[in-house]
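Report on the following structure.
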Amino acid sequence: RTDLLLPILKGQPVIPVLLIDKATDAVPLARALAAGGLPAIEITLRTSAALDAIRAVAEEVPEAIVGAGTILNARHYEEASKAGSRFIVSPGTTQEILDAARDSDVPLLPAAITPSEIMAMREEGYTHLKFFPAEQAGGAAFLKALSSPLAGAVFCPTGGIGLGNAKTYLSLPNVICVGGSWVAPKELVEAGEWEKITALALEASKLSA
Ligand code: 3PG
């Protein structure tokens, strides 16, 4: 399903990783990010509002590409897909999630860190991987060291990435985009400061290698 995933990962340098506490924030937030050039968003299943948030964005914000993150098992995979997610992101990879992906039309961005994990994903047919938690796991230097022996594996690093270090990641040959929550800070979401979020998105959407 790389055919469905690739345009999303290629389409913008930064994929916002969102924790939404109030489902009613989802639509204005998705609109604000899309207006700033970041249509693809990852709504994490870390809050009880997440599935309603995904549903609302899928139904009401045609310009957005809504995905689901923090998918930990097959039930999450199914619920997030039914809610309208167009891609699925998991912080690690299990056989259960790989099986769920195989049975689904919704593409998976699975995660891997170590060379062995990356090789195992390659055997499963996955070349595009999330690298999480990026900064803590070794950061851009670690990813750079993988680029020659594991050429062909392409990453979307997330975790500890912000405006200050995003470029370092984006300049690596094996990084296609980065993910991060910095474009939608909790205080701005709670205050409904959507223009400020659009401004953060604009700044992020202009990042390049
Ligand atoms: C994720 O799930 O990808 C991370 O929690 C995002 O990390 P950040 O909040 O440090 O950007």
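As shown in the structure tokens, the chain order sets the letters A, B, ...; within each chain, residues go from 1, and ligands are also counted from 1 in the order they appear.
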Distance table requested - region 101-181 of chain A against region 61-75 of chain A, cut-off 12 Å, only C-alpha atoms: one row per qualifying residue with the closest atom pair and its distance in Å to one decimal, ordered by chain and rising residue number, as a tab-separated table.
residue	atom	partner	partner_atom	distance
A:Ala101	CA	A:Ala74	CA	8.5
A:Arg102	CA	A:Ala74	CA	10.9
A:Asp103	CA	A:Ala74	CA	10.2
A:Ser104	CA	A:Ala74	CA	10.4
A:Val106	CA	A:Gly67	CA	9.4
A:Pro107	CA	A:Gly67	CA	9.7
A:Leu108	CA	A:Ala68	CA	9.7
A:Leu109	CA	A:Gly69	CA	9.3
A:Pro110	CA	A:Ile71	CA	9.5
A:Ala111	CA	A:Thr70	CA	10.5
A:Lys130	CA	A:Gly69	CA	10.8
A:Phe132	CA	A:Thr70	CA	11.1
A:Thr158	CA	A:Gly69	CA	11.5
A:Gly179	CA	A:Gly69	CA	10.9
A:Gly180	CA	A:Gly69	CA	11.6
A:Ser181	CA	A:Gly69	CA	11.9
Taking C-alpha atoms for each residue, export the selection above as an mmCIF file, in the first residue's frame.
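What follows is the written file out35.cif:
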data_model
loop_
_atom_site.group_PDB
_atom_site.id
_atom_site.type_symbol
_atom_site.label_atom_id
_atom_site.label_comp_id
_atom_site.auth_asym_id
_atom_site.auth_seq_id
_atom_site.Cartn_x
_atom_site.Cartn_y
_atom_site.Cartn_z
ATOM 1 C CA ALA A 101 -2.734 -3.919 7.754
ATOM 2 C CA ARG A 102 -2.753 -6.868 5.386
ATOM 3 C CA ASP A 103 -6.533 -7.166 5.747
ATOM 4 C CA SER A 104 -7.125 -3.445 5.281
ATOM 5 C CA VAL A 106 -5.907 1.752 4.738
ATOM 6 C CA PRO A 107 -2.102 1.921 4.496
ATOM 7 C CA LEU A 108 0.186 1.515 7.496
ATOM 8 C CA LEU A 109 3.289 3.486 8.415
ATOM 9 C CA PRO A 110 4.885 1.072 10.885
ATOM 10 C CA ALA A 111 7.781 2.011 13.131
ATOM 11 C CA LYS A 130 8.313 5.808 11.301
ATOM 12 C CA PHE A 132 10.254 7.001 17.036
ATOM 13 C CA THR A 158 9.010 11.848 15.137
ATOM 14 C CA GLY A 179 6.303 14.421 12.361
ATOM 15 C CA GLY A 180 5.738 16.585 15.374
ATOM 16 C CA SER A 181 3.294 18.151 17.743
#
(request) With a distance cut-off of 12 Å and only C-alpha atoms, select the neighbouring residues of Met119 (chain A), excluding the residue or stretch itself and same-chain residues fewer than 4 positions from it, and output the selection as an NGL selection string. (result) :A and (111-115 or 123-129 or 146 or 149-153)
(request) List every residue of region 63-137 of chain A that DSSP, applied to the backbone of this structure, places in helix (DSSP H, G or I), and write the result as an NGL selection string. (result) :A and (74-82 or 95-102 or 115-123 or 134-137)
Keeping only N, CA and C atoms, write those residues as an mmCIF file, in the first residue's frame.
data_model
loop_
_atom_site.group_PDB
_atom_site.id
_atom_site.type_symbol
_atom_site.label_atom_id
_atom_site.label_comp_id
_atom_site.auth_asym_id
_atom_site.auth_seq_id
_atom_site.Cartn_x
_atom_site.Cartn_y
_atom_site.Cartn_z
ATOM 1 N N ALA A 74 -5.007 -4.437 16.702
ATOM 2 C CA ALA A 74 -5.920 -4.598 15.563
ATOM 3 C C ALA A 74 -7.247 -3.866 15.790
ATOM 4 N N ARG A 75 -7.681 -3.816 17.038
ATOM 5 C CA ARG A 75 -8.948 -3.118 17.321
ATOM 6 C C ARG A 75 -8.813 -1.627 17.006
ATOM 7 N N HIS A 76 -7.705 -1.030 17.448
ATOM 8 C CA HIS A 76 -7.457 0.379 17.111
ATOM 9 C C HIS A 76 -7.447 0.565 15.591
ATOM 10 N N TYR A 77 -6.788 -0.359 14.903
ATOM 11 C CA TYR A 77 -6.646 -0.251 13.443
ATOM 12 C C TYR A 77 -8.019 -0.200 12.800
ATOM 13 N N GLU A 78 -8.891 -1.105 13.251
ATOM 14 C CA GLU A 78 -10.218 -1.190 12.657
ATOM 15 C C GLU A 78 -11.064 0.031 13.013
ATOM 16 N N GLU A 79 -11.013 0.412 14.278
ATOM 17 C CA GLU A 79 -11.828 1.568 14.701
ATOM 18 C C GLU A 79 -11.387 2.842 13.982
ATOM 19 N N ALA A 80 -10.095 3.023 13.880
ATOM 20 C CA ALA A 80 -9.577 4.238 13.236
ATOM 21 C C ALA A 80 -9.913 4.241 11.746
ATOM 22 N N SER A 81 -9.848 3.075 11.121
ATOM 23 C CA SER A 81 -10.179 2.989 9.692
ATOM 24 C C SER A 81 -11.656 3.275 9.478
ATOM 25 N N LYS A 82 -12.489 2.681 10.320
ATOM 26 C CA LYS A 82 -13.944 2.906 10.199
ATOM 27 C C LYS A 82 -14.309 4.365 10.406
ATOM 28 N N GLN A 95 3.078 -8.315 15.159
ATOM 29 C CA GLN A 95 2.479 -9.191 14.159
ATOM 30 C C GLN A 95 0.995 -8.875 14.002
ATOM 31 N N GLU A 96 0.346 -8.563 15.140
ATOM 32 C CA GLU A 96 -1.099 -8.261 15.088
ATOM 33 C C GLU A 96 -1.370 -7.045 14.186
ATOM 34 N N ILE A 97 -0.519 -6.045 14.296
ATOM 35 C CA ILE A 97 -0.734 -4.847 13.465
ATOM 36 C C ILE A 97 -0.425 -5.139 11.999
ATOM 37 N N LEU A 98 0.614 -5.916 11.763
ATOM 38 C CA LEU A 98 0.926 -6.272 10.364
ATOM 39 C C LEU A 98 -0.224 -7.059 9.748
ATOM 40 N N ASP A 99 -0.828 -7.953 10.527
ATOM 41 C CA ASP A 99 -1.972 -8.731 10.018
ATOM 42 C C ASP A 99 -3.161 -7.808 9.735
ATOM 43 N N ALA A 100 -3.401 -6.867 10.646
ATOM 44 C CA ALA A 100 -4.515 -5.932 10.454
ATOM 45 C C ALA A 100 -4.293 -5.115 9.179
ATOM 46 N N ALA A 101 -3.046 -4.715 8.945
ATOM 47 C CA ALA A 101 -2.734 -3.919 7.754
ATOM 48 C C ALA A 101 -2.961 -4.742 6.489
ATOM 49 N N ARG A 102 -2.607 -6.006 6.566
ATOM 50 C CA ARG A 102 -2.753 -6.868 5.386
ATOM 51 C C ARG A 102 -4.227 -7.010 4.994
ATOM 52 N N PRO A 115 18.613 -1.777 13.236
ATOM 53 C CA PRO A 115 18.827 -2.438 11.942
ATOM 54 C C PRO A 115 18.035 -3.737 11.822
ATOM 55 N N SER A 116 17.958 -4.517 12.888
ATOM 56 C CA SER A 116 17.208 -5.784 12.810
ATOM 57 C C SER A 116 15.721 -5.528 12.580
ATOM 58 N N GLU A 117 15.178 -4.527 13.286
ATOM 59 C CA GLU A 117 13.755 -4.198 13.095
ATOM 60 C C GLU A 117 13.497 -3.710 11.672
ATOM 61 N N ILE A 118 14.419 -2.904 11.166
ATOM 62 C CA ILE A 118 14.250 -2.357 9.817
ATOM 63 C C ILE A 118 14.322 -3.482 8.782
ATOM 64 N N MET A 119 15.252 -4.432 9.007
ATOM 65 C CA MET A 119 15.360 -5.569 8.076
ATOM 66 C C MET A 119 14.110 -6.443 8.133
ATOM 67 N N ALA A 120 13.568 -6.598 9.331
ATOM 68 C CA ALA A 120 12.337 -7.395 9.471
ATOM 69 C C ALA A 120 11.185 -6.723 8.728
ATOM 70 N N MET A 121 11.109 -5.396 8.807
ATOM 71 C CA MET A 121 10.050 -4.664 8.099
ATOM 72 C C MET A 121 10.219 -4.794 6.591
ATOM 73 N N ARG A 122 11.473 -4.774 6.166
ATOM 74 C CA ARG A 122 11.738 -4.928 4.739
ATOM 75 C C ARG A 122 11.243 -6.299 4.253
ATOM 76 N N GLU A 123 11.462 -7.318 5.084
ATOM 77 C CA GLU A 123 10.972 -8.652 4.712
ATOM 78 C C GLU A 123 9.450 -8.684 4.612
ATOM 79 N N ALA A 134 12.500 9.755 17.921
ATOM 80 C CA ALA A 134 13.674 10.082 17.114
ATOM 81 C C ALA A 134 14.838 10.668 17.915
ATOM 82 N N GLU A 135 14.598 11.744 18.623
ATOM 83 C CA GLU A 135 15.702 12.401 19.331
ATOM 84 C C GLU A 135 16.301 11.468 20.378
ATOM 85 N N GLN A 136 15.438 10.808 21.121
ATOM 86 C CA GLN A 136 15.893 9.951 22.215
ATOM 87 C C GLN A 136 16.588 8.689 21.705
ATOM 88 N N ALA A 137 16.208 8.232 20.532
ATOM 89 C CA ALA A 137 16.761 6.981 20.006
ATOM 90 C C ALA A 137 18.097 7.172 19.293
#
(request) Might you pull out every residue within 8 Å of Ala204 (chain A), with only C-alpha atoms counted and same-chain residues fewer than 5 positions away left off, and present them as number ranges by chain? (result) A: 13-14, 163, 183
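Among the candidates A:Ala49, A:Ala199, A:Leu207, A:Leu172, the one nearest to Ala35 (chain A) when counting only C-alpha atoms is A:Ala199.
As for CA of Arg86 (chain A) and CA of Pro39 (chain A), they are spaced 12.0 Å apart.
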